[in-house]
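Colleague: Contents of work_13.txt (compact mmCIF, C-alpha atoms and all ligand atoms) are below:
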# COMPACT_ATOMS: atom_id res chain seq x y z
CA MET A 1 1.17 -39.57 25.13
CA LEU A 2 4.21 -41.29 23.63
CA VAL A 3 5.85 -41.58 27.02
CA ILE A 4 3.44 -44.05 28.53
CA PRO A 5 3.94 -46.79 25.97
CA ARG A 6 7.71 -46.35 26.29
CA HIS A 7 7.46 -46.56 30.06
CA ILE A 8 5.40 -49.70 29.87
CA ALA A 9 7.84 -51.10 27.36
CA ARG A 10 10.66 -50.47 29.78
CA ILE A 11 8.86 -52.20 32.63
CA THR A 12 8.28 -55.16 30.36
CA ALA A 13 11.94 -55.20 29.43
CA LEU A 14 12.97 -55.05 33.07
CA ALA A 15 10.67 -57.92 33.91
CA ALA A 16 12.42 -59.99 31.31
CA LEU A 17 15.83 -59.43 32.88
CA PRO A 18 17.25 -62.00 35.25
CA ALA A 19 16.01 -61.29 38.78
CA ALA A 20 19.49 -60.81 40.18
CA LEU A 21 20.32 -58.14 37.65
CA THR A 22 17.06 -56.31 38.30
CA LEU A 23 17.68 -56.26 42.04
CA GLY A 24 21.19 -55.02 41.47
CA ALA A 25 19.91 -52.10 39.46
CA ALA A 26 17.31 -51.18 42.06
CA VAL A 27 19.75 -51.01 44.97
CA PRO A 28 22.80 -48.96 43.95
CA ALA A 29 24.58 -49.70 47.21
CA THR A 30 28.09 -49.52 45.88
CA ALA A 31 28.01 -48.19 42.36
CA ALA A 32 27.94 -44.43 42.14
CA GLU A 33 25.16 -44.46 39.60
CA ASP A 34 24.00 -41.08 38.43
CA GLN A 35 20.61 -40.14 39.77
CA ALA A 36 18.16 -37.34 39.03
CA TYR A 37 14.91 -36.57 40.74
CA GLN A 38 12.12 -34.08 40.46
CA VAL A 39 11.03 -32.79 43.87
CA ASP A 40 7.72 -30.99 44.29
CA LEU A 41 7.80 -28.59 47.22
CA GLU A 42 4.33 -28.17 48.65
CA THR A 43 2.99 -25.24 50.63
CA LEU A 44 3.51 -25.08 54.39
CA ASN A 45 2.02 -22.56 56.79
CA GLU A 46 -0.50 -21.44 54.16
CA SER A 47 2.35 -19.46 52.61
CA GLY A 48 1.00 -19.99 49.11
CA ALA A 49 4.56 -20.83 48.07
CA SER A 50 5.39 -23.84 46.00
CA ALA A 51 8.38 -24.92 43.99
CA THR A 52 9.71 -27.56 41.71
CA ALA A 53 13.27 -28.72 42.14
CA LEU A 54 15.40 -30.88 39.90
CA VAL A 55 18.26 -32.55 41.69
CA SER A 56 20.86 -34.64 39.97
CA LEU A 57 23.78 -36.49 41.42
CA GLU A 58 26.86 -37.54 39.47
CA GLY A 59 29.17 -39.20 41.91
CA ARG A 60 29.39 -36.59 44.65
CA GLU A 61 28.55 -33.66 42.40
CA LEU A 62 25.06 -32.49 43.28
CA THR A 63 23.26 -30.06 40.97
CA VAL A 64 20.16 -28.41 42.40
CA LYS A 65 17.76 -26.37 40.28
CA ILE A 66 14.78 -24.76 41.96
CA GLN A 67 11.96 -22.76 40.46
CA ALA A 68 9.63 -21.32 43.10
CA GLU A 69 6.57 -19.13 43.06
CA GLY A 70 4.39 -17.48 45.68
CA LEU A 71 7.27 -16.49 47.95
CA VAL A 72 7.53 -13.17 49.80
CA PRO A 73 8.46 -10.69 47.02
CA GLY A 74 11.84 -9.02 47.25
CA ALA A 75 12.80 -11.03 50.34
CA PRO A 76 15.66 -13.49 50.79
CA HIS A 77 14.60 -17.08 51.34
CA ALA A 78 16.76 -19.48 53.29
CA GLN A 79 16.65 -22.91 51.70
CA HIS A 80 18.13 -26.15 52.87
CA ILE A 81 18.32 -29.84 52.26
CA HIS A 82 17.12 -31.31 55.53
CA GLY A 83 17.15 -34.83 56.90
CA SER A 84 19.47 -37.53 58.02
CA THR A 85 21.72 -39.90 56.15
CA GLU A 86 21.60 -42.35 59.05
CA GLY A 87 18.31 -43.99 58.27
CA HIS A 88 15.95 -41.83 60.30
CA ASP A 89 12.56 -41.47 58.70
CA PHE A 90 12.21 -37.72 58.44
CA HIS A 91 9.49 -36.18 56.30
CA CYS A 92 7.81 -32.88 55.61
CA PRO A 93 5.74 -31.64 58.59
CA ASP A 94 2.00 -31.11 58.51
CA PRO A 95 0.01 -28.52 60.52
CA SER A 96 -0.15 -30.83 63.55
CA ALA A 97 3.51 -29.99 64.21
CA ASP A 98 2.38 -26.55 65.46
CA GLU A 99 2.95 -27.29 69.14
CA ASP A 100 2.23 -23.83 70.52
CA ASN A 101 -0.90 -23.47 68.39
CA ASP A 102 0.05 -20.07 67.04
CA GLY A 103 -1.00 -21.20 63.59
CA ILE A 104 2.58 -21.43 62.33
CA VAL A 105 4.82 -24.46 62.18
CA SER A 106 8.08 -22.73 63.09
CA THR A 107 11.40 -24.12 61.98
CA VAL A 108 11.99 -25.49 65.47
CA GLU A 109 8.57 -27.15 65.56
CA GLY A 110 9.22 -28.66 62.16
CA LEU A 111 12.65 -30.04 63.01
CA PRO A 112 11.42 -33.28 64.62
CA ASP A 113 9.67 -34.02 61.32
CA TYR A 114 12.12 -32.82 58.71
CA GLY A 115 15.34 -33.22 60.60
CA ASP A 116 18.30 -30.95 60.91
CA ILE A 117 19.90 -28.93 58.13
CA ASN A 118 22.15 -31.14 56.06
CA ILE A 119 23.05 -28.72 53.29
CA SER A 120 22.45 -24.98 53.05
CA LEU A 121 21.51 -24.11 49.47
CA THR A 122 23.33 -20.80 49.42
CA THR A 123 24.18 -18.86 46.28
CA GLU A 124 27.91 -18.81 47.02
CA GLY A 125 30.45 -19.91 49.58
CA ASP A 126 29.86 -22.40 52.36
CA THR A 127 26.96 -24.85 52.04
CA SER A 128 27.19 -26.50 55.45
CA LYS A 129 24.69 -26.31 58.28
CA ASP A 130 26.74 -23.37 59.60
CA SER A 131 25.35 -21.23 56.78
CA GLY A 132 21.77 -22.15 57.61
CA LEU A 133 20.82 -18.57 58.41
CA ALA A 134 23.29 -16.76 56.15
CA VAL A 135 20.48 -14.58 54.83
CA ASP A 136 22.80 -12.49 52.65
CA ARG A 137 23.83 -15.59 50.69
CA PHE A 138 20.38 -16.98 49.97
CA PRO A 139 18.42 -16.16 46.81
CA THR A 140 15.89 -13.36 46.82
CA ALA A 141 12.44 -13.66 45.31
CA ASP A 142 11.61 -11.16 42.57
CA GLN A 143 8.80 -8.62 42.79
CA ASP A 144 6.29 -11.28 41.76
CA GLY A 145 7.46 -13.75 44.41
CA ASN A 146 9.26 -15.98 41.93
CA LEU A 147 12.68 -17.38 42.64
CA THR A 148 15.09 -19.29 40.46
CA TYR A 149 18.13 -21.05 41.84
CA GLU A 150 20.84 -23.24 40.44
CA ARG A 151 24.03 -24.46 41.98
CA THR A 152 26.35 -27.43 41.72
CA LEU A 153 28.14 -28.47 44.89
CA THR A 154 30.17 -31.37 46.16
CA VAL A 155 28.47 -33.44 48.84
CA SER A 156 29.75 -36.07 51.23
CA GLN A 157 29.63 -39.73 50.29
CA ASP A 158 27.00 -40.17 53.03
CA VAL A 159 24.71 -37.71 51.29
CA ALA A 160 25.37 -39.31 47.91
CA ASP A 161 24.55 -42.75 49.30
CA HIS A 162 21.38 -41.67 51.11
CA PHE A 163 20.13 -38.93 48.89
CA LYS A 164 16.60 -40.29 48.77
CA ASP A 165 16.28 -39.86 52.56
CA LEU A 166 16.53 -36.08 52.26
CA HIS A 167 14.17 -33.27 51.41
CA ILE A 168 14.23 -29.64 50.43
CA VAL A 169 12.73 -26.80 52.48
CA GLN A 170 12.41 -23.12 51.58
CA HIS A 171 11.86 -20.66 54.42
CA GLY A 172 10.28 -17.23 54.70
CA ILE A 173 6.58 -16.44 54.99
CA ASP A 174 4.41 -13.33 55.32
CA VAL A 175 1.85 -14.04 58.04
CA ASN A 176 0.21 -10.61 58.12
CA GLY A 177 0.38 -10.16 54.37
CA ASN A 178 2.16 -6.81 54.38
CA GLY A 179 4.66 -7.89 51.75
CA LYS A 180 7.74 -8.15 53.95
CA TYR A 181 9.23 -9.84 56.99
CA ASP A 182 8.35 -8.06 60.23
CA ASN A 183 8.14 -8.84 63.93
CA GLU A 184 4.39 -8.93 64.36
CA ALA A 185 4.36 -12.73 64.53
CA GLY A 186 7.31 -12.69 66.94
CA MET A 187 10.98 -13.40 66.60
CA SER A 188 12.60 -16.53 65.24
CA PRO A 189 13.18 -19.31 67.77
CA LEU A 190 16.51 -19.84 65.96
CA ASP A 191 17.85 -16.29 66.03
CA ASP A 192 16.26 -13.55 68.12
CA LYS A 193 17.52 -10.95 65.67
CA LEU A 194 15.46 -12.40 62.83
CA PRO A 195 11.67 -12.27 62.55
CA LEU A 196 9.85 -15.57 62.85
CA GLU A 197 8.48 -14.81 59.38
CA ALA A 198 11.99 -14.94 57.92
CA THR A 199 12.78 -18.43 59.14
CA ALA A 200 9.44 -20.28 59.27
CA PRO A 201 9.19 -22.89 56.50
CA ALA A 202 7.25 -21.87 53.39
CA ASN A 203 7.29 -25.18 51.54
CA CYS A 204 8.82 -28.62 51.66
CA GLY A 205 9.34 -31.48 49.24
CA MET A 206 10.76 -34.95 49.62
CA VAL A 207 13.15 -36.73 47.32
CA LYS A 208 11.18 -39.82 46.44
CA GLY A 209 9.99 -41.93 43.61
CA ALA A 210 11.87 -43.23 40.65
CA SER A 211 14.91 -41.51 39.35
CA ILE A 212 14.07 -39.59 36.21
CA GLY A 213 17.42 -40.64 34.85
CA GLU A 214 18.58 -37.35 33.44
CA MET A 215 18.02 -33.66 33.91
CA PRO A 216 15.40 -32.42 31.46
CA GLU A 217 16.57 -29.59 29.23
CA GLY A 218 15.25 -26.09 29.70
CA GLY A 219 14.57 -26.02 33.41
CA VAL A 220 11.50 -26.87 35.38
CA GLU A 221 7.91 -26.82 34.28
CA THR A 222 5.59 -25.82 37.06
CA GLY A 223 1.81 -25.74 37.18
CA THR A 224 0.30 -24.62 33.91
CA GLY A 225 -3.34 -24.26 34.82
CA PRO A 226 -5.59 -22.68 37.40
CA GLY A 227 -6.21 -24.29 40.75
CA THR A 228 -2.75 -24.13 42.25
CA GLU A 229 -3.40 -21.13 44.44
CA THR A 230 -4.03 -21.58 48.12
CA PRO A 231 -7.48 -20.47 49.27
CA ALA A 232 -7.05 -17.27 51.17
CA ASP A 233 -9.24 -17.66 54.20
CA THR A 234 -10.08 -21.30 54.64
CA SER A 235 -8.56 -24.12 56.60
CA SER A 236 -8.31 -26.24 53.50
CA THR A 237 -4.60 -26.83 53.73
CA LEU A 238 -5.23 -30.50 53.15
CA MET A 239 -7.13 -29.71 49.96
CA ALA A 240 -4.26 -27.58 48.77
CA LEU A 241 -1.79 -30.34 49.53
CA GLY A 242 -3.98 -32.84 47.71
CA GLY A 243 -4.04 -30.61 44.66
CA ALA A 244 -0.31 -30.27 44.71
CA GLY A 245 0.02 -34.02 45.00
CA LEU A 246 -2.06 -34.50 41.89
CA LEU A 247 0.10 -32.02 40.04
CA ALA A 248 3.15 -33.87 41.26
CA ALA A 249 1.79 -37.14 39.96
CA ALA A 250 1.09 -35.59 36.58
CA ALA A 251 4.55 -34.07 36.43
CA THR A 252 6.18 -37.37 37.30
CA THR A 253 4.34 -39.12 34.51
CA ILE A 254 5.79 -36.89 31.84
CA THR A 255 9.34 -36.95 33.10
CA VAL A 256 9.91 -40.67 33.49
CA ARG A 257 12.43 -41.47 30.86
CA ARG A 258 15.71 -43.25 31.20
CA ARG A 259 18.42 -44.00 28.74
CA ARG A 260 20.68 -45.51 31.32
CA SER A 261 19.51 -49.04 30.65
CA GLU A 262 21.50 -49.03 27.42
CA SER A 263 24.79 -48.39 29.19
CA ALA A 264 24.26 -50.67 32.17
CU CU B 1 15.63 -25.34 56.34
Before we go any further, please render this structure as structure tokens.
Ligand SMILES: [Cu+2]
Modeller:
Amino acid sequence: MLVIPRHIARITALAALPAALTLGAAVPATAAEDQAYQVDLETLNESGASATALVSLEGRELTVKIQAEGLVPGAPHAQHIHGSTEGHDFHCPDPSADEDNDGIVSTVEGLPDYGDINISLTTEGDTSKDSGLAVDRFPTADQDGNLTYERTLTVSQDVADHFKDLHIVQHGIDVNGNGKYDNEAGMSPLDDKLPLEATAPANCGMVKGASIGEMPEGGVETGTGPGTETPADTSSTLMALGGAGLLAAAATTITVRRRRSESA
């Protein structure tokens, strides 16, 4: 409850600044100002998977923390930062991207929406697009379907400059609900040696909104109450997305705090 008055106070303070200074702060075109964002990854393909990511950028040092739940237990999950740094308006896909109407937005079907792999969020080694399907270097969900990830990597200046144009996708779903990746839903359009289940996107979240200014201590807080589960047998994907959006809004409210104004 204390946060809201402080936030309002900050807006008031900003309004009192000279207009030129305010604009300069809002468009960090040249200064390598540190940025941190909370990204809420919302369920795709009725996977039931969601995640919260904290991403912070200091110069070209990018730290990514992800806490996910509802993933396929015991399975590796490819995860990438998708999108373009050249001004294309990519975004997370919705079910209408399912061109062959098999009920699954495959990675290939999603690509026109979320763009190509920009960074592979591997656990070690290469983080380029080349490692996009390096399944042995992606994190594995635990037996409850939870996954925690943290890595700091160096990104290109392009990525640093256009970080807000990007988004995070985790892959790997379990269409037939047997607890593992198998071939029943077909093979991946990306690699005919991998099941479609292993590469189809499970969730997606866009880097957007105000920078939260600094990385909160103690990791990520995800949903704390009931109502975040995806209904098992309905077509209420939109309802689920709406619920996640509300959670995202609530989470954003409590994390808006910046100390940077003092050092500007
Ligand atoms: Cu991806």
Colleague: Which residues are near stretch 72-77 of chain A? Cut-off 8 Å, all atoms listed in the file, ignore same chain within fewer than 3 positions. Put them as a tab-separated table (two decimals) with C-alpha atoms, in the coordinates of the input.
Modeller:
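Result went into part.tsv, see below:
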chain	number	residue	atom	x	y	z
A	135	VAL	CA	20.48	-14.58	54.83
A	136	ASP	CA	22.80	-12.49	52.65
A	138	PHE	CA	20.38	-16.98	49.97
A	139	PRO	CA	18.42	-16.16	46.81
A	140	THR	CA	15.89	-13.36	46.82
A	141	ALA	CA	12.44	-13.66	45.31
A	142	ASP	CA	11.61	-11.16	42.57
A	143	GLN	CA	8.80	-8.62	42.79
A	144	ASP	CA	6.29	-11.28	41.76
A	145	GLY	CA	7.46	-13.75	44.41
A	146	ASN	CA	9.26	-15.98	41.93
A	170	GLN	CA	12.41	-23.12	51.58
A	171	HIS	CA	11.86	-20.66	54.42
A	172	GLY	CA	10.28	-17.23	54.70
A	173	ILE	CA	6.58	-16.44	54.99
A	174	ASP	CA	4.41	-13.33	55.32
A	179	GLY	CA	4.66	-7.89	51.75
A	180	LYS	CA	7.74	-8.15	53.95
A	181	TYR	CA	9.23	-9.84	56.99
A	198	ALA	CA	11.99	-14.94	57.92
Colleague: Can you measure atom CA of A:Glu109 to atom CA of A:Ala202 for me? One decimal in Å is fine.
Modeller: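 Separation of atom CA of A:Glu109 and atom CA of A:Ala202: 13.3 Å.
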Colleague: Could you tell me, counting all atoms listed in the file, which protein and nucleic acid residues lie no more than 9 Å from ligand CU 1 (chain B), written as number ranges by chain?
Modeller: A: 78-82, 107, 111, 114-120, 132-133, 168-171, 199-201, 204
Colleague: Would you mind reading off the distance between atom CA of A:Val207 and atom CA of A:Pro112, one decimal, in Å?
Modeller: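 Interatomic distance here is 17.7 Å.
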Colleague: Report, in Å to a single decimal, how far apart atom CA of A:Pro195 and atom CA of A:Lys65 are.
Modeller: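 Between atom CA of A:Lys65 and atom CA of A:Pro195 the gap is 27.1 Å.
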Colleague: Which residue, A:Ile66, A:Ala53, A:Val155, A:Leu196, has the smallest gap to A:Asn176 when you use all atoms listed in the file?
Modeller: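 Nearest to A:Asn176: A:Leu196.
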Colleague: Scan for residues within 9 Å of the point (26.3, -37.0, 54.5) in the coordinates of the file, using all atoms listed in the file, and reply as an MDAnalysis selection string.
Modeller: chainID A and resid 84:86 118:119 155:163
Colleague: Pick from A:Gly205, A:Thr63, A:Thr123, A:Leu190: nearest to A:Thr43, with all atoms listed in the file counted?
Modeller: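 The shortest atom-to-atom distance to A:Thr43 comes from A:Gly205.
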Colleague: Which one of A:Leu71, A:Leu166, A:Leu147, A:Ala97 sits closest to A:Glu197 if you count all atoms listed in the file?
Modeller: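 Nearest candidate to A:Glu197 out of A:Leu71, A:Leu166, A:Leu147, A:Ala97: A:Leu71.
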Colleague: Considering all atoms listed in the file, can you say which of A:Gln67, A:Ser56, A:Ser131, A:Ser50 comes closest to A:Thr154?
Modeller: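 Using all atoms listed in the file, A:Thr154 sits closest to A:Ser56.
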